[in-house]
Each structure stands twice: as structure tokens, then as C-alpha cells.
$ cat final_27.cif   # mmCIF, C-alpha atoms
data_upload
loop_
_atom_site.group_PDB
_atom_site.id
_atom_site.type_symbol
_atom_site.label_atom_id
_atom_site.label_comp_id
_atom_site.auth_asym_id
_atom_site.auth_seq_id
_atom_site.Cartn_x
_atom_site.Cartn_y
_atom_site.Cartn_z
ATOM 1 C CA MET A 427 70.047 82.701 63.155
ATOM 2 C CA VAL A 428 70.970 86.148 61.870
ATOM 3 C CA ALA A 429 68.576 87.840 64.274
ATOM 4 C CA GLY A 430 70.013 85.826 67.149
ATOM 5 C CA ALA A 431 73.593 86.730 66.239
ATOM 6 C CA VAL A 432 72.670 90.405 65.985
ATOM 7 C CA ALA A 433 70.956 90.215 69.381
ATOM 8 C CA VAL A 434 74.083 88.675 70.932
ATOM 9 C CA LEU A 435 76.302 91.403 69.464
ATOM 10 C CA ILE A 436 73.960 94.120 70.722
ATOM 11 C CA TRP A 437 73.944 92.542 74.186
ATOM 12 C CA ALA A 438 77.752 92.267 74.174
ATOM 13 C CA TRP A 439 78.114 95.954 73.279
ATOM 14 C CA LEU A 440 75.516 97.238 75.745
ATOM 15 C CA SER A 441 76.875 95.104 78.591
ATOM 16 C CA GLY A 442 80.455 96.169 77.926
ATOM 17 C CA ALA A 443 81.503 92.556 77.323
ATOM 18 C CA LEU A 444 82.701 93.355 73.804
ATOM 19 C CA SER A 445 85.186 96.035 74.865
ATOM 20 C CA PRO A 446 87.650 93.738 76.701
ATOM 21 C CA ALA A 447 87.632 91.310 73.771
ATOM 22 C CA LEU A 448 88.467 94.048 71.286
ATOM 23 C CA MET A 449 90.952 95.527 73.723
ATOM 24 C CA MET A 450 92.926 92.279 73.705
ATOM 25 C CA SER A 451 93.308 92.586 69.932
ATOM 26 C CA SER A 452 95.126 95.900 70.334
ATOM 27 C CA PRO A 453 98.916 96.016 71.009
ATOM 28 C CA ALA A 454 98.397 97.653 74.428
ATOM 29 C CA GLY A 455 95.656 95.206 75.327
ATOM 30 C CA ARG A 456 98.057 92.329 74.694
ATOM 31 C CA GLY A 457 100.613 93.978 76.973
ATOM 32 C CA HIS A 458 103.150 94.706 74.224
ATOM 33 C CA VAL A 459 103.512 98.447 74.806
ATOM 34 C CA VAL A 460 103.770 99.154 78.521
ATOM 35 C CA ALA A 461 107.436 100.088 79.029
ATOM 36 C CA ASP A 462 106.748 103.814 79.334
ATOM 37 C CA SER A 463 103.282 103.526 80.881
ATOM 38 C CA ILE A 464 102.549 105.772 83.871
ATOM 39 C CA VAL A 465 99.725 103.529 85.162
ATOM 40 C CA ALA A 466 100.780 99.943 84.392
ATOM 41 C CA GLY A 467 102.654 99.458 87.666
ATOM 42 C CA LEU A 468 100.042 100.988 89.942
ATOM 43 C CA VAL A 469 97.997 99.066 92.493
ATOM 44 C CA VAL A 470 95.020 100.257 94.492
ATOM 45 C CA ASP A 471 95.769 101.264 98.087
ATOM 46 C CA ILE A 472 92.463 103.005 98.819
ATOM 47 C CA ASP A 473 89.707 100.849 97.360
ATOM 48 C CA GLY A 474 86.195 102.303 97.213
ATOM 49 C CA LEU A 475 86.310 104.572 100.263
ATOM 50 C CA ALA A 476 82.944 106.264 100.880
ATOM 51 C CA ILE A 477 83.772 109.949 101.338
ATOM 52 C CA GLU A 478 82.292 111.040 104.648
ATOM 53 C CA GLY A 479 80.237 114.213 104.233
ATOM 54 C CA LEU A 480 79.328 113.520 100.604
ATOM 55 C CA ASN A 481 76.589 111.118 99.625
ATOM 56 C CA LYS A 482 75.810 111.563 95.926
ATOM 57 C CA ASN A 483 76.619 112.901 92.463
ATOM 58 C CA LEU A 484 80.424 113.088 92.392
ATOM 59 C CA SER A 485 81.591 114.010 88.893
ATOM 60 C CA GLY A 486 85.011 115.159 87.727
ATOM 61 C CA LEU A 487 88.356 115.369 89.536
ATOM 62 C CA THR A 488 91.534 117.453 89.409
ATOM 63 C CA TYR A 489 94.734 117.862 91.417
ATOM 64 C CA ALA A 490 96.115 121.236 92.547
ATOM 65 C CA SER A 491 99.842 121.082 93.264
ATOM 66 C CA ASP A 492 99.795 124.435 95.090
ATOM 67 C CA THR A 493 97.661 122.974 97.874
ATOM 68 C CA ASN A 494 98.467 119.265 97.328
ATOM 69 C CA THR A 495 94.731 118.594 97.391
ATOM 70 C CA LEU A 496 92.057 117.284 95.041
ATOM 71 C CA PHE A 497 88.995 119.122 93.778
ATOM 72 C CA THR A 498 85.840 117.415 92.538
ATOM 73 C CA VAL A 499 82.435 118.692 91.478
ATOM 74 C CA ILE A 500 78.957 117.619 92.523
ATOM 75 C CA ASN A 501 76.374 118.074 89.794
ATOM 76 C CA ASN A 502 73.222 118.267 91.908
ATOM 77 C CA PRO A 503 73.151 120.507 93.819
ATOM 78 C CA PRO A 504 76.144 122.117 92.052
ATOM 79 C CA ALA A 505 79.197 122.401 94.293
ATOM 80 C CA VAL A 506 82.967 121.984 94.442
ATOM 81 C CA ALA A 507 84.446 119.696 97.087
ATOM 82 C CA GLU A 508 88.079 119.884 98.156
ATOM 83 C CA LEU A 509 89.557 116.551 99.269
ATOM 84 C CA SER A 510 92.821 115.426 100.801
ATOM 85 C CA THR A 511 94.829 112.830 98.881
ATOM 86 C CA ASP A 512 93.516 110.146 101.262
ATOM 87 C CA GLY A 513 89.877 110.945 100.459
ATOM 88 C CA THR A 514 88.958 113.170 103.400
ATOM 89 C CA LEU A 515 86.481 115.967 102.703
ATOM 90 C CA LEU A 516 88.117 119.293 103.569
ATOM 91 C CA ARG A 517 85.365 121.687 102.488
ATOM 92 C CA LEU A 518 82.300 122.017 100.288
ATOM 93 C CA ILE A 519 81.721 125.139 98.168
ATOM 94 C CA PRO A 520 78.241 125.698 96.644
ATOM 95 C CA ILE A 521 78.097 127.011 93.065
ATOM 96 C CA LYS A 522 75.468 129.623 92.242
ATOM 97 C CA GLY A 523 74.280 129.875 88.650
ATOM 98 C CA ALA A 524 75.371 126.393 87.565
ATOM 99 C CA LYS A 525 72.927 123.744 86.368
ATOM 100 C CA ASP A 526 74.810 120.481 85.864
ATOM 101 C CA THR A 527 78.508 120.643 86.739
ATOM 102 C CA GLU A 528 80.316 117.632 85.279
ATOM 103 C CA GLY A 529 84.010 118.498 85.078
ATOM 104 C CA ILE A 530 86.740 120.522 86.760
ATOM 105 C CA SER A 531 90.391 121.177 85.916
ATOM 106 C CA HIS A 532 93.081 123.115 87.755
ATOM 107 C CA VAL A 533 94.733 125.798 85.621
ATOM 108 C CA HIS A 534 97.336 127.269 87.975
ATOM 109 C CA GLY A 535 97.416 129.012 91.325
ATOM 110 C CA ASN A 536 93.837 129.515 92.473
ATOM 111 C CA ARG A 537 92.240 129.344 88.999
ATOM 112 C CA PHE A 538 90.068 126.446 87.848
ATOM 113 C CA LEU A 539 87.895 125.616 84.841
ATOM 114 C CA ILE A 540 84.441 124.159 85.525
ATOM 115 C CA ALA A 541 82.233 122.544 82.862
ATOM 116 C CA ASP A 542 78.449 122.757 82.943
ATOM 117 C CA GLU A 543 76.994 119.976 80.817
ATOM 118 C CA ARG A 544 73.453 121.288 80.542
ATOM 119 C CA ASP A 545 74.578 124.727 79.368
ATOM 120 C CA GLN A 546 77.471 123.199 77.401
ATOM 121 C CA SER A 547 79.642 125.936 78.864
ATOM 122 C CA ILE A 548 83.050 126.387 80.495
ATOM 123 C CA HIS A 549 83.559 128.800 83.390
ATOM 124 C CA LEU A 550 86.808 130.183 84.784
ATOM 125 C CA VAL A 551 86.619 130.498 88.570
ATOM 126 C CA GLN A 552 88.917 131.461 91.405
ATOM 127 C CA ILE A 553 89.045 129.252 94.498
ATOM 128 C CA ASP A 554 90.924 130.799 97.396
ATOM 129 C CA PRO A 555 91.476 129.325 100.874
ATOM 130 C CA ASP A 556 88.602 131.450 102.167
ATOM 131 C CA THR A 557 86.173 130.937 99.246
ATOM 132 C CA GLU A 558 82.744 129.982 100.587
ATOM 133 C CA VAL A 559 80.542 130.344 97.478
ATOM 134 C CA LEU A 560 81.267 130.373 93.728
ATOM 135 C CA GLU A 561 79.139 132.309 91.230
ATOM 136 C CA VAL A 562 79.085 131.350 87.550
ATOM 137 C CA ASP A 563 75.944 133.140 86.392
ATOM 138 C CA ARG A 564 78.028 135.617 84.405
ATOM 139 C CA SER A 565 79.013 134.956 80.800
ATOM 140 C CA PRO A 566 81.083 131.759 80.387
ATOM 141 C CA ILE A 567 84.487 131.937 78.731
ATOM 142 C CA LEU A 568 83.393 129.223 76.282
ATOM 143 C CA GLN A 569 80.044 127.890 75.103
ATOM 144 C CA LEU A 570 79.617 125.164 72.494
ATOM 145 C CA ASN A 571 76.533 123.626 70.944
ATOM 146 C CA PHE A 572 76.108 119.846 70.907
ATOM 147 C CA GLY A 573 72.498 120.166 69.775
ATOM 148 C CA TYR A 574 69.509 118.970 71.771
ATOM 149 C CA LEU A 575 71.258 116.136 73.601
ATOM 150 C CA ARG A 576 71.933 118.273 76.657
ATOM 151 C CA ASN A 577 72.805 115.320 78.883
ATOM 152 C CA LEU A 578 75.421 114.038 76.431
ATOM 153 C CA GLY A 579 77.667 117.089 76.335
ATOM 154 C CA PHE A 580 80.803 117.855 78.354
ATOM 155 C CA GLU A 581 81.706 114.943 80.605
ATOM 156 C CA GLY A 582 85.282 115.883 81.346
ATOM 157 C CA VAL A 583 87.766 118.742 80.997
ATOM 158 C CA SER A 584 91.528 118.931 81.375
ATOM 159 C CA TRP A 585 93.770 121.981 80.993
ATOM 160 C CA ASP A 586 97.182 121.613 79.361
ATOM 161 C CA SER A 587 99.176 124.657 80.488
ATOM 162 C CA ARG A 588 102.248 123.540 78.569
ATOM 163 C CA ASN A 589 100.395 124.020 75.266
ATOM 164 C CA ASN A 590 97.734 126.493 76.423
ATOM 165 C CA ARG A 591 95.082 123.981 75.365
ATOM 166 C CA LEU A 592 91.835 122.658 76.795
ATOM 167 C CA TYR A 593 90.813 119.022 76.328
ATOM 168 C CA LEU A 594 87.085 118.282 76.353
ATOM 169 C CA VAL A 595 85.399 114.912 76.213
ATOM 170 C CA GLN A 596 81.873 114.190 75.020
ATOM 171 C CA ALA A 597 80.298 111.121 76.588
ATOM 172 C CA ARG A 598 78.576 109.548 73.590
ATOM 173 C CA LEU A 599 76.577 110.132 70.419
ATOM 174 C CA PRO A 600 79.304 110.600 69.387
ATOM 175 C CA ILE A 601 82.175 109.708 71.680
ATOM 176 C CA ARG A 602 84.801 112.323 70.901
ATOM 177 C CA ILE A 603 87.605 114.490 72.249
ATOM 178 C CA LEU A 604 87.787 118.172 71.390
ATOM 179 C CA LEU A 605 90.825 120.436 71.569
ATOM 180 C CA VAL A 606 90.294 124.121 72.293
ATOM 181 C CA ASP A 607 93.236 126.402 71.576
ATOM 182 C CA GLY A 608 93.498 130.083 72.461
ATOM 183 C CA LEU A 609 91.004 129.934 75.328
ATOM 184 C CA LEU A 610 93.182 131.541 77.989
ATOM 185 C CA SER A 611 95.461 134.154 76.481
ATOM 186 C CA ASP A 612 96.804 137.601 77.232
ATOM 187 C CA HIS A 613 94.747 139.092 74.413
ATOM 188 C CA SER A 614 91.369 140.757 74.820
ATOM 189 C CA GLU A 615 88.295 138.724 73.913
ATOM 190 C CA ARG A 616 87.967 140.675 70.663
ATOM 191 C CA GLU A 617 91.566 139.885 69.669
ATOM 192 C CA ARG A 618 91.547 136.306 70.922
ATOM 193 C CA SER A 619 91.941 133.617 68.277
ATOM 194 C CA LEU A 620 89.905 130.601 69.398
ATOM 195 C CA SER A 621 89.927 127.284 67.552
ATOM 196 C CA VAL A 622 88.105 124.022 68.249
ATOM 197 C CA SER A 623 89.143 120.757 66.616
ATOM 198 C CA SER A 624 88.599 117.024 67.020
ATOM 199 C CA HIS A 625 91.370 114.875 68.471
ATOM 200 C CA ASN A 626 91.427 111.568 66.632
ATOM 201 C CA LEU A 627 93.082 108.672 68.444
ATOM 202 C CA PRO A 628 93.803 105.174 67.069
ATOM 203 C CA TRP A 629 91.755 102.367 68.624
ATOM 204 C CA LEU A 630 89.400 104.780 70.398
ATOM 205 C CA HIS A 631 86.376 103.695 68.380
ATOM 206 C CA ARG A 632 87.628 100.199 67.562
ATOM 207 C CA LEU A 633 87.425 99.295 71.260
ATOM 208 C CA ALA A 634 83.614 99.560 71.165
ATOM 209 C CA LEU A 635 83.590 101.824 74.203
ATOM 210 C CA LEU A 636 80.153 102.534 75.625
ATOM 211 C CA ASP A 637 81.117 106.019 76.780
ATOM 212 C CA LEU A 638 83.840 108.373 77.947
ATOM 213 C CA SER A 639 83.206 109.843 81.372
ATOM 214 C CA SER A 640 86.367 111.871 82.010
ATOM 215 C CA LEU A 641 89.918 112.569 80.873
ATOM 216 C CA MET A 642 93.218 113.944 82.134
ATOM 217 C CA ARG A 643 96.213 115.407 80.344
ATOM 218 C CA HIS A 644 99.300 114.405 82.330
ATOM 219 C CA GLU A 645 101.702 117.237 81.564
ATOM 220 C CA PRO A 646 104.982 115.750 82.918
ATOM 221 C CA SER A 647 104.745 112.783 80.532
ATOM 222 C CA GLY A 648 102.470 114.190 77.840
ATOM 223 C CA LYS A 649 100.154 111.199 78.317
ATOM 224 C CA LEU A 650 96.384 111.414 77.913
ATOM 225 C CA LEU A 651 94.190 109.306 80.210
ATOM 226 C CA LEU A 652 90.640 108.535 79.077
ATOM 227 C CA LEU A 653 88.113 107.117 81.540
ATOM 228 C CA SER A 654 85.157 104.968 80.503
ATOM 229 C CA ASP A 655 82.567 104.329 83.178
ATOM 230 C CA ALA A 656 80.362 101.918 81.242
ATOM 231 C CA SER A 657 83.231 99.914 79.713
ATOM 232 C CA LYS A 658 85.154 99.804 83.022
ATOM 233 C CA MET A 659 88.547 100.852 81.724
ATOM 234 C CA LEU A 660 91.133 103.631 81.691
ATOM 235 C CA LEU A 661 92.966 104.155 78.395
ATOM 236 C CA GLU A 662 96.467 105.630 78.313
ATOM 237 C CA TYR A 663 97.697 107.351 75.133
ATOM 238 C CA ASP A 664 101.144 108.799 74.526
ATOM 239 C CA GLU A 665 101.994 112.143 72.899
ATOM 240 C CA GLU A 666 102.105 110.521 69.459
ATOM 241 C CA GLY A 667 98.522 109.342 69.906
ATOM 242 C CA GLN A 668 99.385 105.672 70.378
ATOM 243 C CA LEU A 669 97.505 103.489 72.830
ATOM 244 C CA VAL A 670 100.061 102.553 75.510
ATOM 245 C CA TYR A 671 98.093 100.727 78.189
ATOM 246 C CA VAL A 672 94.582 99.770 79.242
ATOM 247 C CA LEU A 673 93.877 99.680 82.981
ATOM 248 C CA ARG A 674 90.781 97.627 83.633
ATOM 249 C CA LEU A 675 88.474 98.772 86.423
ATOM 250 C CA ARG A 676 87.245 95.269 87.193
ATOM 251 C CA PRO A 677 87.829 92.839 90.101
ATOM 252 C CA GLY A 678 91.402 91.541 90.317
ATOM 253 C CA ALA A 679 92.907 94.208 88.073
ATOM 254 C CA HIS A 680 95.563 96.253 89.895
ATOM 255 C CA GLY A 681 94.372 94.933 93.247
ATOM 256 C CA LEU A 682 90.714 95.974 92.953
ATOM 257 C CA GLN A 683 88.407 93.855 95.082
ATOM 258 C CA THR A 684 85.298 94.817 93.105
ATOM 259 C CA ALA A 685 84.613 96.717 89.895
ATOM 260 C CA ILE A 686 84.543 100.499 90.117
ATOM 261 C CA PRO A 687 80.777 101.028 89.706
ATOM 262 C CA GLN A 688 80.463 104.446 88.061
ATOM 263 C CA ALA A 689 83.836 106.082 87.447
ATOM 264 C CA GLU A 690 83.341 109.801 86.818
ATOM 265 C CA GLY A 691 86.669 111.554 87.417
ATOM 266 C CA VAL A 692 90.391 110.847 87.122
ATOM 267 C CA THR A 693 93.619 112.689 87.965
ATOM 268 C CA MET A 694 97.209 112.153 89.115
ATOM 269 C CA ASP A 695 99.338 113.968 91.692
ATOM 270 C CA ASN A 696 103.010 114.970 91.713
ATOM 271 C CA GLU A 697 103.980 111.604 93.227
ATOM 272 C CA GLY A 698 102.525 109.662 90.306
ATOM 273 C CA ARG A 699 99.531 108.390 92.253
ATOM 274 C CA LEU A 700 96.300 107.882 90.317
ATOM 275 C CA PHE A 701 92.925 108.963 91.749
ATOM 276 C CA ILE A 702 89.447 108.024 90.561
ATOM 277 C CA VAL A 703 86.089 109.098 91.977
ATOM 278 C CA SER A 704 82.896 107.164 91.362
ATOM 279 C CA GLU A 705 79.258 108.039 91.889
ATOM 280 C CA PRO A 706 77.738 108.354 94.336
ATOM 281 C CA ASN A 707 80.724 109.112 96.643
ATOM 282 C CA LEU A 708 83.468 106.504 96.235
ATOM 283 C CA PHE A 709 87.190 107.305 96.281
ATOM 284 C CA TYR A 710 90.023 105.216 94.797
ATOM 285 C CA ARG A 711 93.777 105.754 94.944
ATOM 286 C CA PHE A 712 96.421 103.763 93.063
ATOM 287 C CA SER A 713 100.066 103.898 94.095
ATOM 288 C CA THR A 714 103.400 102.302 93.221
ATOM 289 C CA GLU A 715 104.221 101.649 96.882
ATOM 290 C CA LEU A 716 102.518 98.250 96.820
ATOM 291 C CA ALA A 717 103.152 97.659 93.137
ATOM 292 C CA ALA A 718 102.152 94.249 91.849
ATOM 293 C CA PRO A 719 101.588 92.872 88.343
ATOM 294 C CA ASP A 720 98.124 93.237 86.866
ATOM 295 C CA ASN A 721 96.019 90.082 87.114
#

$ encode --input "final_27.cif" --output "C-alpha cells"
Amino acid sequence: MVAGAVAVLIWAWLSGALSPALMMSSPAGRGHVVADSIVAGLVVDIDGLAIEGLNKNLSGLTYASDTNTLFTVINNPPAVAELSTDGTLLRLIPIKGAKDTEGISHVHGNRFLIADERDQSIHLVQIDPDTEVLEVDRSPILQLNFGYLRNLGFEGVSWDSRNNRLYLVQARLPIRILLVDGLLSDHSERERSLSVSSHNLPWLHRLALLDLSSLMRHEPSGKLLLLSDASKMLLEYDEEGQLVYVLRLRPGAHGLQTAIPQAEGVTMDNEGRLFIVSEPNLFYRFSTELAAPDN
């Protein structure tokens, strides 16, 4: 009996079935705290579009307001793809010197941060309208050590220019969010004061999430969006660290016809639209224009 119960619990966790049940025990899961949510009223208006010109390995997503376009990374072979907000491929930029690009975040202007999971490193790059190739084989601006689990390192990055802070997410073993302060400053590298700390959020581990695949700091609202591929959900936290809303990535939720299979990147634009990319090459956009209650 005990062995059978343990087996059922293990199956429920590995399948992701346990996460929705635990989610419903949280205030946000029961729908009690959604008044100030930035995602609760969204509904999908581009549902699983296969991006023409890309066929595999999408990972990470960011929005650049200067160009009103999206940038995503491909981890093999390493490259940056620029997309329109309707999921059209605008250009593909190979990355020399990278090994396993998993995350990208717009800083400002033409500057971006790119995360390489295998090297556990962060690179600052410049992407201009005429950029054809990126090179990151020089020294990274940040390198951390997650030990020997090289495929369980950086899964997402998001730059918070308001606080001069970088958010990093580790996929699993353990699931965690790191805050890096002092990364981009006016001081020389010798004078720079760099600090790395853990960001502890209520309910993050109580939801029995299988992983975290990406994140996004939404500067206008101060909200933090956490994406879980395996558990099929997007968590929304406010500036006080409280869980505000859980957007499920399953059929029927917010107009989705089918579950998002492997969500790897998330961002929002200046109009409040939410974008998610999924391996191998799927594009999703959620908007308030067709807003309907969540099923």
C-alpha cells in the first residue's frame, strides 16, 4: 500500500499532474488575487504558429521597444533570430563562440545580454540593423559555477534597467532565481561591486513545479513572470513577492486549443501583449483585444 501510494505521488509529480492541484490551494490559484494581474485578461490570438524559416531549438525571448520587434535565441547551432510581433522571421544572426545559448534579454538601444548554459556565462552583445554575425568568444561579463550539471544551468535571463539588476533562472536541481546586482555599471571592472543572491518567492516550491524554463521582469508594473515548460504554467508575482496569478498553458485556458508543448521563452511588448515561444519553432501571442474569461 505504501509503495503504491509513493508510486502514485512520484507519477503525479513527474507528469505535472500534481502542480495544478497544489496551485488551486494557493490564493492566486483559486482566483482570489487577480485584480492587478497583467496576464489574467489575456487571450491567445496567435496560437502555435510555426515560424517559417526556423525549424528547431527556439529558446529564450525578449522584446526591444526601439525596433518594436522580438529577439529569440537558437541553441544549436547558436544564433539570434529577430521576429515581428506577428511571428514573422525578419533575420537570423549566427553566433560565433557560443555553445548552448538559452536566454536573451534586451538591455537598451542595441545592447542585449545572451546566456550560454553550457559555459554558465553571460555575454553583452550589440545588435545593429546591419549586424550579420555575433562573436562571443571573448571573456564574458559574468560567469557562474553550477557544478557539473552543465545542462541544468541558465535557462532564462531578464534585465531590469530600473534597478540595474539581472534576473537569472536555473531550470532544476535546484529550481531557483538569482539576482545579480552591479553587473552593468559605469565603473571599471576592477572597481565594480558585483553581488549574487537568491530570490525567494512564496509558493514557488510549494507548487511542485517540474522546472523553470524562462522568466521576464516586466518593468512598467514591477511584475515577475516565471515560465514552466514541464508544469505547463506561467506564474505572475508582484513587486512584494506575492503570487498574483497562474496562467495555465493547457487546452481551454485563455483560448488555447492545445497545450503549449515546450515553452522556452516569454516576454511582453509595450501594448501589454504576451508572447511565448516553444520548441521546436512555435509562436504564441496573447492579447486583450479578444479578452475572454479563463476557462

$ closest_residue --input "final_27.cif" --among "A:Ser491, A:Asn589, A:Thr527, A:Gln668" --to "A:Gln546" --atoms "only C-alpha atoms"
A:Thr527

$ resolve_selection --input "final_27.cif" --expression "the PyMOL selection byres ((chain A and resi 541) around 12)" --output "mmCIF file with C-alpha atoms, in the frame of the given file"
data_model
loop_
_atom_site.group_PDB
_atom_site.id
_atom_site.type_symbol
_atom_site.label_atom_id
_atom_site.label_comp_id
_atom_site.auth_asym_id
_atom_site.auth_seq_id
_atom_site.Cartn_x
_atom_site.Cartn_y
_atom_site.Cartn_z
ATOM 1 C CA SER A 485 81.591 114.010 88.893
ATOM 2 C CA GLY A 486 85.011 115.159 87.727
ATOM 3 C CA LEU A 487 88.356 115.369 89.536
ATOM 4 C CA THR A 498 85.840 117.415 92.538
ATOM 5 C CA VAL A 499 82.435 118.692 91.478
ATOM 6 C CA ILE A 500 78.957 117.619 92.523
ATOM 7 C CA ASN A 501 76.374 118.074 89.794
ATOM 8 C CA PRO A 504 76.144 122.117 92.052
ATOM 9 C CA ALA A 505 79.197 122.401 94.293
ATOM 10 C CA VAL A 506 82.967 121.984 94.442
ATOM 11 C CA ILE A 521 78.097 127.011 93.065
ATOM 12 C CA ALA A 524 75.371 126.393 87.565
ATOM 13 C CA LYS A 525 72.927 123.744 86.368
ATOM 14 C CA ASP A 526 74.810 120.481 85.864
ATOM 15 C CA THR A 527 78.508 120.643 86.739
ATOM 16 C CA GLU A 528 80.316 117.632 85.279
ATOM 17 C CA GLY A 529 84.010 118.498 85.078
ATOM 18 C CA ILE A 530 86.740 120.522 86.760
ATOM 19 C CA SER A 531 90.391 121.177 85.916
ATOM 20 C CA HIS A 532 93.081 123.115 87.755
ATOM 21 C CA PHE A 538 90.068 126.446 87.848
ATOM 22 C CA LEU A 539 87.895 125.616 84.841
ATOM 23 C CA ILE A 540 84.441 124.159 85.525
ATOM 24 C CA ASP A 542 78.449 122.757 82.943
ATOM 25 C CA GLU A 543 76.994 119.976 80.817
ATOM 26 C CA ARG A 544 73.453 121.288 80.542
ATOM 27 C CA ASP A 545 74.578 124.727 79.368
ATOM 28 C CA GLN A 546 77.471 123.199 77.401
ATOM 29 C CA SER A 547 79.642 125.936 78.864
ATOM 30 C CA ILE A 548 83.050 126.387 80.495
ATOM 31 C CA HIS A 549 83.559 128.800 83.390
ATOM 32 C CA LEU A 550 86.808 130.183 84.784
ATOM 33 C CA VAL A 551 86.619 130.498 88.570
ATOM 34 C CA VAL A 562 79.085 131.350 87.550
ATOM 35 C CA PRO A 566 81.083 131.759 80.387
ATOM 36 C CA ILE A 567 84.487 131.937 78.731
ATOM 37 C CA LEU A 568 83.393 129.223 76.282
ATOM 38 C CA GLN A 569 80.044 127.890 75.103
ATOM 39 C CA LEU A 570 79.617 125.164 72.494
ATOM 40 C CA GLY A 579 77.667 117.089 76.335
ATOM 41 C CA PHE A 580 80.803 117.855 78.354
ATOM 42 C CA GLU A 581 81.706 114.943 80.605
ATOM 43 C CA GLY A 582 85.282 115.883 81.346
ATOM 44 C CA VAL A 583 87.766 118.742 80.997
ATOM 45 C CA SER A 584 91.528 118.931 81.375
ATOM 46 C CA TRP A 585 93.770 121.981 80.993
ATOM 47 C CA LEU A 592 91.835 122.658 76.795
ATOM 48 C CA TYR A 593 90.813 119.022 76.328
ATOM 49 C CA LEU A 594 87.085 118.282 76.353
ATOM 50 C CA VAL A 595 85.399 114.912 76.213
ATOM 51 C CA GLN A 596 81.873 114.190 75.020
ATOM 52 C CA SER A 640 86.367 111.871 82.010
#

$ residues_around --input "final_27.cif" --residues "A:Asn590" --least-positions-apart "4" --cutoff "12 Å" --atoms "all atoms listed in the file" --output "list in words"
Val533, His534, Ser584, Trp585, Asp586, Leu605, Val606, Asp607, Gly608, Leu609, Leu610, Ser611, Asp612, Leu620, Ser621, Arg643 and Glu645 of chain A

$ resolve_selection --input "final_27.cif" --expression "the PyMOL selection byres ((chain A and resi 702-708) around 7)" --output "ChimeraX atom specification"
/A:474-477,480-484,686-693,700-701,709-711

$ atom_distance --input "final_27.cif" --atom1 "atom CA of A:Leu651" --atom2 "atom CA of A:Pro503"
27.4 Å

$ atom_distance --input "final_27.cif" --atom1 "atom CA of A:Ala656" --atom2 "atom CA of A:Arg674"
11.5 Å

$ closest_residue --input "final_27.cif" --among "A:Leu496, A:Leu673, A:Ser639, A:Leu627" --to "A:Ala685" --atoms "only C-alpha atoms"
A:Leu673

$ axis_aligned_box --input "final_27.cif" --around "stretch 642-650 of chain A" --padding-each-side "4 Å" --output "lines of an AutoDock Vina configuration file"
center_x = 99.1
center_y = 114.2
center_z = 80.4
size_x = 19.8
size_y = 14.0
size_z = 13.1

$ closest_residue --input "final_27.cif" --among "A:Glu558, A:Glu478, A:Asp462, A:Asp492" --to "A:Asp664" --atoms "all atoms listed in the file"
A:Asp462

$ atom_distance --input "final_27.cif" --atom1 "atom CA of A:Leu682" --atom2 "atom CA of A:Ala507"
24.9 Å

$ resolve_selection --input "final_27.cif" --expression "the PyMOL selection byres ((chain A and resi 471) around 9)" --output "number ranges by chain"
A: 469-470, 472-473, 681-682, 710-713, 715-716

$ closest_residue --input "final_27.cif" --among "A:Ala466, A:Met659, A:Met642, A:Gly523" --to "A:Arg564" --atoms "all atoms listed in the file"
A:Gly523
